[in-house]
>>> print(open('query.csv').read())   # CSV, C-alpha atoms
chain,number,residue,atom,x,y,z
A,1,MET,CA,130.2,50.7,107.3
A,2,LEU,CA,127.6,51.7,109.9
A,3,VAL,CA,128.2,54.3,112.5
A,4,ASP,CA,126.4,54.0,115.8
A,5,LEU,CA,126.8,57.6,116.8
A,6,ALA,CA,124.9,60.8,117.0
A,7,THR,CA,124.5,64.1,118.8
A,8,ASN,CA,121.0,63.0,119.2
A,9,HIS,CA,118.7,60.1,118.5
A,10,ALA,CA,117.6,61.5,115.1
A,11,ALA,CA,121.2,61.6,113.8
A,12,ILE,CA,121.7,58.0,115.0
A,13,ARG,CA,118.7,56.6,113.2
A,14,CYS,CA,119.2,58.6,110.0
A,15,SER,CA,122.9,57.8,109.8
A,16,ILE,CA,122.1,54.1,109.9
A,17,MET,CA,119.2,54.5,107.5
A,18,ARG,CA,121.2,56.5,105.0
A,19,SER,CA,124.3,54.2,105.2
A,20,VAL,CA,122.2,51.1,104.8
A,21,SER,CA,120.3,52.6,101.9
A,22,ARG,CA,123.4,53.5,99.9
A,23,ALA,CA,125.0,50.2,100.7
A,24,LYS,CA,121.8,48.5,99.5
A,25,LEU,CA,122.1,50.5,96.3
A,26,GLY,CA,125.6,49.1,95.7
A,27,VAL,CA,127.6,52.2,96.7
A,28,VAL,CA,131.0,51.5,98.1
A,29,ALA,CA,131.0,53.0,101.6
A,30,VAL,CA,134.2,54.9,101.5
A,31,VAL,CA,132.6,57.8,103.2
A,32,LEU,CA,130.7,57.4,106.5
A,33,LEU,CA,127.2,58.9,106.3
A,34,ILE,CA,125.7,60.6,109.3
A,35,ALA,CA,122.5,62.7,109.1
A,36,GLY,CA,119.9,64.4,111.1
A,37,CYS,CA,116.3,63.9,110.0
A,38,THR,CA,113.4,66.2,110.6
A,39,ARG,CA,109.7,66.3,111.7
A,40,PRO,CA,106.9,68.7,110.9
A,41,LEU,CA,106.9,71.9,112.9
A,42,ALA,CA,104.4,72.6,115.5
A,43,SER,CA,101.2,73.9,114.1
A,44,GLY,CA,101.7,77.6,115.2
A,45,ARG,CA,98.6,77.7,117.5
A,46,GLU,CA,99.0,79.6,120.7
A,47,PRO,CA,100.4,77.3,123.3
A,48,GLY,CA,98.0,76.5,126.2
A,49,PRO,CA,99.0,76.1,129.8
A,50,THR,CA,100.9,72.9,130.7
A,51,LYS,CA,98.5,70.7,132.5
A,52,PRO,CA,97.4,67.0,132.7
A,53,VAL,CA,95.5,65.9,129.7
A,54,ALA,CA,91.8,65.3,130.3
A,55,SER,CA,90.9,61.7,129.4
A,56,ALA,CA,87.6,62.7,127.7
A,57,MET,CA,89.7,64.6,125.1
A,58,LEU,CA,91.7,61.5,124.0
A,59,ALA,CA,91.0,59.6,120.9
A,60,THR,CA,90.6,55.9,120.9
A,61,ILE,CA,93.3,53.4,119.9
A,62,TRP,CA,92.7,50.5,117.5
A,63,THR,CA,92.4,47.4,119.6
A,64,GLY,CA,94.3,45.4,116.9
A,65,PHE,CA,97.7,46.9,117.9
A,66,PRO,CA,99.5,44.2,120.0
A,67,LEU,CA,100.7,45.1,123.5
A,68,ALA,CA,104.4,45.9,123.8
A,69,SER,CA,106.7,44.0,126.2
A,70,GLY,CA,109.9,45.2,127.9
A,71,VAL,CA,108.9,48.8,128.1
A,72,THR,CA,107.2,51.0,130.6
A,73,CYS,CA,105.4,54.2,129.5
A,74,PRO,CA,106.5,57.4,131.0
A,75,ASP,CA,104.0,59.5,132.9
A,76,ILE,CA,103.4,62.2,130.2
A,77,ARG,CA,100.4,63.8,131.8
A,78,PRO,CA,102.3,66.5,133.8
A,79,LEU,CA,103.8,67.6,130.5
A,80,GLY,CA,100.4,68.2,128.9
A,81,LEU,CA,101.0,65.4,126.4
A,82,SER,CA,98.3,62.9,125.2
A,83,ARG,CA,100.6,60.5,123.3
A,84,VAL,CA,104.2,59.6,122.7
A,85,LEU,CA,106.1,57.3,120.3
A,86,LEU,CA,109.0,55.4,121.8
A,87,THR,CA,111.8,53.7,120.1
A,88,SER,CA,114.7,51.7,121.6
A,89,ARG,CA,118.4,52.5,121.1
A,90,ASP,CA,119.3,48.8,121.1
A,91,SER,CA,118.2,46.1,118.7
A,92,LYS,CA,116.4,44.0,121.4
A,93,HIS,CA,113.1,45.9,120.8
A,94,PRO,CA,112.8,46.4,117.0
A,95,ALA,CA,109.5,48.2,117.1
A,96,VAL,CA,107.8,51.6,117.5
A,97,VAL,CA,105.8,51.8,120.7
A,98,LEU,CA,102.7,54.0,121.3
A,99,CYS,CA,102.0,55.3,124.8
A,100,ASP,CA,98.7,56.9,125.6
A,101,ALA,CA,98.1,59.2,128.6
A,102,HIS,CA,94.8,57.5,129.3
A,103,ASP,CA,96.2,54.0,129.3
A,104,LEU,CA,99.9,54.2,130.4
A,105,LYS,CA,100.0,50.6,131.6
A,106,ARG,CA,99.2,49.3,128.1
A,107,PRO,CA,101.9,50.3,125.6
A,108,ARG,CA,101.1,49.3,122.0
A,109,THR,CA,103.4,48.1,119.2
A,110,LEU,CA,102.8,49.8,115.9
A,111,PRO,CA,103.6,47.1,113.3
A,112,GLY,CA,105.0,48.0,109.9
A,113,ILE,CA,107.0,51.0,111.0
A,114,GLN,CA,110.7,50.7,111.2
A,115,PRO,CA,112.1,52.3,114.3
A,116,ASP,CA,115.0,53.9,112.3
A,117,ARG,CA,112.6,55.8,110.1
A,118,LEU,CA,111.5,58.4,112.6
A,119,PRO,CA,107.7,58.2,112.6
A,120,THR,CA,105.9,61.4,113.4
A,121,PHE,CA,102.5,62.4,114.6
A,122,LEU,CA,100.5,64.3,111.9
A,123,ALA,CA,97.5,64.4,114.2
A,124,GLU,CA,96.6,62.8,117.5
A,125,SER,CA,95.3,59.8,115.6
A,126,LYS,CA,97.6,59.7,112.6
A,127,VAL,CA,101.2,58.9,112.2
A,128,GLY,CA,103.3,59.5,109.1
A,129,TYR,CA,106.4,57.5,108.2
A,130,PRO,CA,108.5,56.3,105.2
A,131,VAL,CA,108.5,52.6,104.2
A,132,ASP,CA,110.4,50.7,101.5
A,133,ASN,CA,108.9,48.3,99.1
A,134,GLY,CA,111.3,45.4,99.8
A,135,ALA,CA,112.2,45.1,96.1
A,136,PRO,CA,115.7,44.2,94.9
A,137,ILE,CA,117.9,46.8,93.2
A,138,PRO,CA,117.2,48.5,90.8
A,139,ASP,CA,113.5,48.4,91.7
A,140,TRP,CA,113.9,49.4,95.3
A,141,ALA,CA,111.7,52.4,96.2
A,142,GLU,CA,110.3,54.1,99.3
A,143,SER,CA,106.8,55.6,100.0
A,144,ALA,CA,105.4,58.2,102.3
A,145,ALA,CA,102.7,56.4,104.3
A,146,THR,CA,100.2,57.1,107.1
A,147,LEU,CA,98.8,55.0,109.9
A,148,ASP,CA,95.3,55.7,111.4
A,149,LEU,CA,95.6,55.0,115.1
A,150,THR,CA,91.8,54.6,115.5
A,151,THR,CA,91.3,52.0,112.7
A,152,GLY,CA,94.7,50.6,111.9
A,153,ALA,CA,94.3,51.6,108.3
A,154,THR,CA,97.4,52.5,106.3
A,155,GLU,CA,97.8,54.6,103.1
A,156,LYS,CA,100.7,55.4,100.8
A,157,VAL,CA,100.6,59.0,99.5
A,158,ALA,CA,103.8,59.2,97.5
A,159,THR,CA,106.5,56.9,96.1
A,160,ALA,CA,110.0,57.5,94.8
A,161,PRO,CA,113.0,55.4,93.9
A,162,GLY,CA,115.8,55.1,96.5
A,163,LEU,CA,115.8,56.7,100.0
A,164,MET,CA,113.1,59.2,100.9
A,165,ILE,CA,113.5,62.0,103.4
A,166,LEU,CA,110.1,63.4,104.3
A,167,GLY,CA,108.5,66.7,105.4
A,168,TRP,CA,104.7,66.9,106.1
A,169,SER,CA,102.7,70.1,105.8
A,170,HIS,CA,100.8,71.1,108.9
A,171,ASN,CA,97.5,71.2,107.1
A,172,GLN,CA,98.1,67.6,105.8
A,173,LYS,CA,97.5,68.8,102.2
A,174,MET,CA,101.1,68.5,101.0
A,175,ILE,CA,104.3,66.5,101.5
A,176,ALA,CA,107.8,67.5,100.4
A,177,TYR,CA,110.7,65.0,100.1
A,178,MET,CA,114.1,64.4,98.7
A,179,ASN,CA,114.8,61.0,97.1
A,180,ASP,CA,118.4,59.7,97.1
A,181,THR,CA,119.4,57.0,94.8
A,182,ALA,CA,123.0,57.2,96.0
A,183,ILE,CA,123.9,58.4,92.4
A,184,SER,CA,121.8,61.5,92.5
A,185,GLU,CA,119.0,63.1,94.5
A,186,ARG,CA,116.2,65.4,93.8
A,187,PHE,CA,113.8,67.7,95.7
A,188,TRP,CA,110.0,67.2,95.3
A,189,LEU,CA,106.7,68.9,96.3
A,190,GLN,CA,103.5,66.9,96.1
A,191,PRO,CA,99.9,67.9,97.0
A,192,ILE,CA,98.2,64.9,98.5
A,193,GLY,CA,96.3,63.1,95.8
A,194,ALA,CA,98.1,64.9,92.9
A,195,ALA,CA,101.2,64.5,90.9
A,196,ALA,CA,104.6,65.4,92.4
A,197,ILE,CA,106.4,68.6,91.2
A,198,ALA,CA,110.1,68.3,90.7
A,199,LEU,CA,111.8,71.3,92.4
A,200,THR,CA,115.3,70.6,91.1
A,201,PRO,CA,116.9,68.5,88.4
A,202,PRO,CA,118.9,65.4,89.6
A,203,ILE,CA,121.8,66.6,91.8
A,204,PRO,CA,124.9,64.3,91.6
A,205,VAL,CA,125.9,62.8,95.0
A,206,LYS,CA,129.6,62.9,95.5
A,207,SER,CA,132.0,61.5,98.1
A,208,HIS,CA,131.8,63.4,101.4
A,209,ARG,CA,133.9,63.4,104.5
A,210,VAL,CA,131.5,63.3,107.4
A,211,GLY,CA,131.6,66.0,110.1
A,212,GLU,CA,129.7,67.6,112.9
A,213,ALA,CA,127.9,70.0,110.5
A,214,ASP,CA,126.1,67.3,108.5
A,215,ALA,CA,122.3,67.4,108.4
A,216,VAL,CA,119.4,66.5,106.2
A,217,THR,CA,116.2,68.5,106.6
A,218,VAL,CA,112.9,68.8,104.8
A,219,ALA,CA,110.4,71.1,106.7
A,220,PHE,CA,107.5,73.4,105.9
A,221,SER,CA,107.2,76.9,107.5
A,222,ALA,CA,104.5,77.3,110.1
A,223,ASP,CA,101.9,78.5,107.7
A,224,ASP,CA,102.9,76.0,105.0
A,225,ARG,CA,103.8,78.9,102.5
A,226,TYR,CA,107.4,77.7,102.2
A,227,VAL,CA,109.4,74.5,102.3
A,228,LEU,CA,113.0,74.2,103.3
A,229,PHE,CA,115.5,71.6,102.1
A,230,VAL,CA,119.0,71.1,103.6
A,231,ASP,CA,121.4,68.4,102.5
A,232,THR,CA,125.1,68.9,103.3
A,233,TRP,CA,126.1,65.9,101.2
A,234,VAL,CA,125.2,68.0,98.1
A,235,GLN,CA,125.9,71.4,99.8
A,236,ARG,CA,122.3,72.6,99.4
A,237,LEU,CA,120.1,74.8,101.5
A,238,GLN,CA,117.1,76.1,99.5
A,239,VAL,CA,113.7,77.5,100.2
A,240,PHE,CA,110.7,77.1,97.8
A,241,LYS,CA,107.2,78.5,97.6
A,242,ALA,CA,104.8,75.8,98.3
A,243,SER,CA,102.2,77.4,96.1
A,244,ASP,CA,104.1,76.9,92.8
A,245,GLY,CA,107.5,75.5,93.7
A,246,THR,CA,109.5,78.5,92.7
A,247,VAL,CA,112.9,79.1,94.5
A,248,VAL,CA,112.9,82.0,96.9
A,249,TYR,CA,116.3,81.5,98.5
A,250,THR,CA,119.4,79.5,97.7
A,251,ALA,CA,122.3,79.8,100.3
A,252,PRO,CA,125.8,80.0,99.0
A,253,SER,CA,127.9,76.9,99.3
A,254,GLY,CA,131.5,75.9,99.0
A,255,ASP,CA,133.0,79.3,100.0
A,256,ALA,CA,135.0,80.3,103.0
A,257,GLY,CA,131.8,80.3,105.1
A,258,GLY,CA,131.4,76.5,104.8
A,259,LEU,CA,128.3,74.5,104.7
A,260,ARG,CA,124.9,76.1,105.5
A,261,THR,CA,123.3,73.7,107.9
A,262,MET,CA,121.4,73.0,111.2
A,263,ALA,CA,118.3,75.0,110.3
A,264,VAL,CA,115.0,75.5,112.2
A,265,TRP,CA,111.8,77.4,111.4
A,266,THR,CA,110.0,79.6,113.9
A,267,HIS,CA,106.4,78.7,114.8
A,268,LYS,CA,104.8,82.2,114.4
A,269,THR,CA,106.5,83.7,111.4
A,270,ASP,CA,108.0,82.6,108.1
A,271,ARG,CA,111.6,82.9,109.5
A,272,PHE,CA,114.2,80.2,109.9
A,273,TYR,CA,117.6,80.1,111.5
A,274,PHE,CA,120.7,78.3,110.2
A,275,ARG,CA,124.4,78.3,110.6
A,276,ASP,CA,127.7,78.1,108.7
A,277,ALA,CA,131.3,78.1,109.9
A,278,THR,CA,131.1,81.8,110.9
A,279,GLY,CA,128.0,81.8,113.0
A,280,VAL,CA,124.2,81.7,113.0
A,281,TYR,CA,122.0,83.6,110.5
A,282,SER,CA,118.2,84.2,110.1
A,283,TRP,CA,116.2,84.4,106.9
A,284,ASP,CA,112.7,85.6,106.0
A,285,ALA,CA,111.0,86.4,102.7
A,286,LYS,CA,111.0,90.2,103.3
A,287,THR,CA,114.5,90.9,104.5
A,288,GLY,CA,116.5,87.9,103.3
A,289,ALA,CA,119.5,86.6,105.3
A,290,SER,CA,121.1,88.5,108.2
A,291,SER,CA,123.5,87.7,111.1
A,292,PHE,CA,122.0,86.5,114.3
A,293,ALA,CA,124.9,85.2,116.5
A,294,ALA,CA,128.4,85.6,115.1
A,295,GLY,CA,130.7,82.7,115.9
A,296,LEU,CA,128.0,80.4,117.4
A,297,GLN,CA,128.4,76.8,116.2
A,298,TRP,CA,125.2,75.1,117.3
A,299,ARG,CA,123.8,71.6,116.7
A,300,TRP,CA,120.2,70.6,116.4
A,301,PRO,CA,118.4,73.9,117.3
A,302,VAL,CA,114.8,73.8,118.5
A,303,LEU,CA,112.3,76.6,119.3
A,304,SER,CA,109.6,76.7,122.0
A,305,PRO,CA,106.0,76.9,120.6
A,306,ASP,CA,105.7,80.5,121.5
A,307,ASP,CA,109.1,81.3,119.9
A,308,ARG,CA,110.4,82.7,123.1
A,309,TYR,CA,113.2,80.2,123.6
A,310,LEU,CA,115.8,78.8,121.3
A,311,ALA,CA,117.7,75.7,122.5
A,312,TYR,CA,120.6,74.0,120.9
A,313,THR,CA,123.6,71.7,121.7
A,314,THR,CA,127.0,73.2,121.9
A,315,SER,CA,130.5,72.2,123.2
A,316,ASP,CA,133.1,74.0,125.2
A,317,LYS,CA,136.8,74.2,124.3
A,318,SER,CA,137.4,70.7,125.7
A,319,GLY,CA,134.6,69.3,123.6
A,320,THR,CA,132.2,68.7,126.5
A,321,PRO,CA,128.6,69.1,125.3
A,322,ARG,CA,125.7,70.8,127.0
A,323,VAL,CA,122.4,72.5,126.1
A,324,GLU,CA,122.2,76.3,125.9
A,325,ILE,CA,119.0,78.2,125.8
A,326,ARG,CA,118.6,81.8,124.5
A,327,ASN,CA,115.8,84.2,124.2
A,328,LEU,CA,114.9,84.8,120.6
A,329,ASP,CA,116.3,88.3,120.9
A,330,GLY,CA,119.7,86.7,121.3
A,331,SER,CA,120.2,87.2,125.0
A,332,PHE,CA,121.3,84.2,127.1
A,333,ALA,CA,118.6,82.5,129.2
A,334,SER,CA,120.1,79.4,130.8
A,335,SER,CA,122.0,76.2,130.2
A,336,SER,CA,121.8,72.5,131.2
A,337,LEU,CA,124.2,70.3,133.1
A,338,THR,CA,127.1,69.0,131.0
A,339,TRP,CA,126.7,65.9,128.9
A,340,ARG,CA,123.3,66.9,127.6
A,341,GLY,CA,122.0,67.4,124.1
A,342,THR,CA,118.9,68.6,122.3
A,343,TYR,CA,116.9,66.2,120.2
A,344,GLY,CA,117.5,68.2,117.1
A,345,LEU,CA,114.3,67.7,115.2
A,346,THR,CA,113.1,70.8,113.4
A,347,GLY,CA,110.6,72.6,115.6
A,348,TYR,CA,110.6,69.7,118.1
A,349,GLY,CA,111.9,69.5,121.6
A,350,PHE,CA,109.8,71.7,123.8
A,351,THR,CA,106.6,70.2,125.3
A,352,GLY,CA,105.5,73.6,126.4
A,353,SER,CA,107.0,77.1,126.4
A,354,GLY,CA,109.2,76.2,129.4
A,355,THR,CA,109.9,72.5,129.3
A,356,LEU,CA,112.6,71.0,127.0
A,357,LEU,CA,113.3,67.4,126.2
A,358,GLU,CA,117.0,66.5,126.4
A,359,VAL,CA,119.1,63.4,125.7
A,360,GLU,CA,121.8,62.3,128.0
A,361,LEU,CA,125.3,62.1,126.4
A,362,GLU,CA,128.5,60.4,127.2
A,363,PRO,CA,132.1,60.3,125.7
A,364,CYS,CA,132.4,58.5,122.4
A,365,HIS,CA,133.3,54.9,122.9
A,366,ALA,CA,136.6,53.6,121.6
A,367,ASP,CA,134.9,51.2,119.2
A,368,LEU,CA,132.8,53.9,117.6
A,369,GLN,CA,133.9,56.3,114.8
A,370,CYS,CA,132.5,59.7,115.8
A,371,PRO,CA,132.6,63.0,114.0
A,372,VAL,CA,132.1,64.6,117.4
A,373,SER,CA,133.5,63.5,120.8
A,374,PHE,CA,130.3,62.2,122.3
A,375,THR,CA,127.4,59.8,121.8
A,376,GLN,CA,124.1,59.2,123.7
A,377,THR,CA,123.2,56.9,126.5
A,378,GLY,CA,119.6,56.4,125.4
A,379,LYS,CA,118.1,58.3,128.4
A,380,THR,CA,115.5,61.0,127.9
A,381,LEU,CA,115.2,63.9,130.4
A,382,THR,CA,113.2,67.1,130.8
A,383,LEU,CA,114.6,70.5,131.7
A,384,GLN,CA,112.5,73.4,133.1
A,385,VAL,CA,114.0,76.6,131.6
A,386,ASP,CA,112.9,79.0,134.3
A,387,SER,CA,114.1,76.9,137.3
A,388,GLY,CA,116.8,74.7,135.7
A,389,THR,CA,115.1,71.6,137.3
A,390,GLU,CA,116.0,68.4,135.4
A,391,LYS,CA,114.0,65.1,135.7
A,392,SER,CA,114.3,61.7,134.0
A,393,LEU,CA,111.5,60.9,131.6
A,394,THR,CA,112.5,57.5,130.1
A,395,PRO,CA,115.3,55.2,131.1
A,396,ALA,CA,117.9,53.9,128.6
A,397,PRO,CA,117.5,52.5,126.0
A,398,TRP,CA,114.0,54.1,125.4
A,399,LEU,CA,113.8,57.4,123.7
A,400,VAL,CA,110.8,59.6,123.0
A,401,ASP,CA,110.6,59.6,119.2
A,402,ASP,CA,107.7,62.1,118.9
A,403,TYR,CA,104.8,63.4,121.0
A,404,TRP,CA,101.4,64.9,120.6
A,405,PRO,CA,100.4,67.7,120.8
A,406,HIS,CA,103.5,69.4,119.3
A,407,ASP,CA,102.6,72.6,121.1
>>> encode(input="query.csv", output="structure tokens")
Amino acid sequence: MLVDLATNHAAIRCSIMRSVSRAKLGVVAVVLLIAGCTRPLASGREPGPTKPVASAMLATIWTGFPLASGVTCPDIRPLGLSRVLLTSRDSKHPAVVLCDAHDLKRPRTLPGIQPDRLPTFLAESKVGYPVDNGAPIPDWAESAATLDLTTGATEKVATAPGLMILGWSHNQKMIAYMNDTAISERFWLQPIGAAAIALTPPIPVKSHRVGEADAVTVAFSADDRYVLFVDTWVQRLQVFKASDGTVVYTAPSGDAGGLRTMAVWTHKTDRFYFRDATGVYSWDAKTGASSFAAGLQWRWPVLSPDDRYLAYTTSDKSGTPRVEIRNLDGSFASSSLTWRGTYGLTGYGFTGSGTLLEVELEPCHADLQCPVSFTQTGKTLTLQVDSGTEKSLTPAPWLVDDYWPHD
């Protein structure tokens, strides 16, 4: 059974992807699968001022990409962005659309990329994404692929059986991934052009009652020294050294604290934040794990490029969602209107130190099965942290799937 629900667009697309994949592998869908996927973090460079992008700085786009219909590119120039990827919440536009700040009236369709696979910018002119081989079971497999936006050339850099959840290093020298065959899954690290290193033995996948804490994450730290894996279906949160694949942290699981989930790396240090049923914690290689905000139950946290602001989705006692923003010292900064949510992609959400992308939410429809009380409308907005000013960026059903630059 497929579930058309999410706290954010990432959860929607990954829930469908993971459900379809396991159904395709012949697994009886007794348990509903809803997951949040991730993107690479911002590069960790000092954020520059938010300003229109100079046209001379923009790279060219391969002319072989067909023009997209039924979509209008948002004006991304005031946000300091050069490019965005759009995907539609409905099935009438089954394609990934590229918008360029230098040519906003000519959106381009990127063929070969499934909208539910969360493509991500690896550079201004390169997009990374997973793709399946179209083979029948038991030969079905997926690959990590790249698309060159200046030449249209594609390249597969890794392949594994089953469903692949990807994380790309910032220096483009490594990828990390988990492959899920619906019977078991495994964590991997692979230098580009070399053999993959198995970080874990096969982990059995068991039945799982879906809930608001579910997430799937593969993400490198800002300096690519560490890689983080989170999968609540197998109750794993682990950190590995990218240099040799050794484990440096394994969170407890299955105790009174509940699942360790909803993690996000900082952009300036090797520190990440995550939560369990008792609150939010931080971890770094020197001091280990420590409490950050007792009792806080966040969803889909994101950090500003300068690590000043930490934004996340939360709900009040009645279940009404909104976005809260804290300073990284833990003090409260501001909050959004109600019925708003963060995008929830690791390290992704702020287009500058003070501008946050949000999704508009609404109560869960009667015909949906939701682990939380809300779903999204398909509308993207921006929120200025300092002033609280909110503006529409894209109308429903078009969502900003990724943007460049990431900081």
>>> atom_distance(input="query.csv", atom1="CA of Thr72 in chain A", atom2="CA of Leu118 in chain A")
19.9 Å
>>> atom_distance(input="query.csv", atom1="CA of Asp90 in chain A", atom2="CA of Thr355 in chain A")
26.8 Å
>>> closest_residue(input="query.csv", among="A:Pro161, A:Gly152, A:Pro371, A:Pro78", to="Gly64 in chain A", atoms="all atoms listed in the file")
A:Gly152
>>> closest_residue(input="query.csv", among="A:Phe274, A:Ala213, A:Asp402, A:Pro130", to="Gln238 in chain A", atoms="only C-alpha atoms")
A:Phe274
>>> atom_distance(input="query.csv", atom1="CA of His93 in chain A", atom2="CA of Asp214 in chain A")
27.9 Å
>>> closest_residue(input="query.csv", among="A:Ile183, A:Val302, A:Ala135, A:Ala160", to="Ile203 in chain A", atoms="all atoms listed in the file")
A:Ile183
>>> closest_residue(input="query.csv", among="A:Phe121, A:Trp188, A:Tyr177, A:Tyr312", to="Leu86 in chain A", atoms="all atoms listed in the file")
A:Phe121
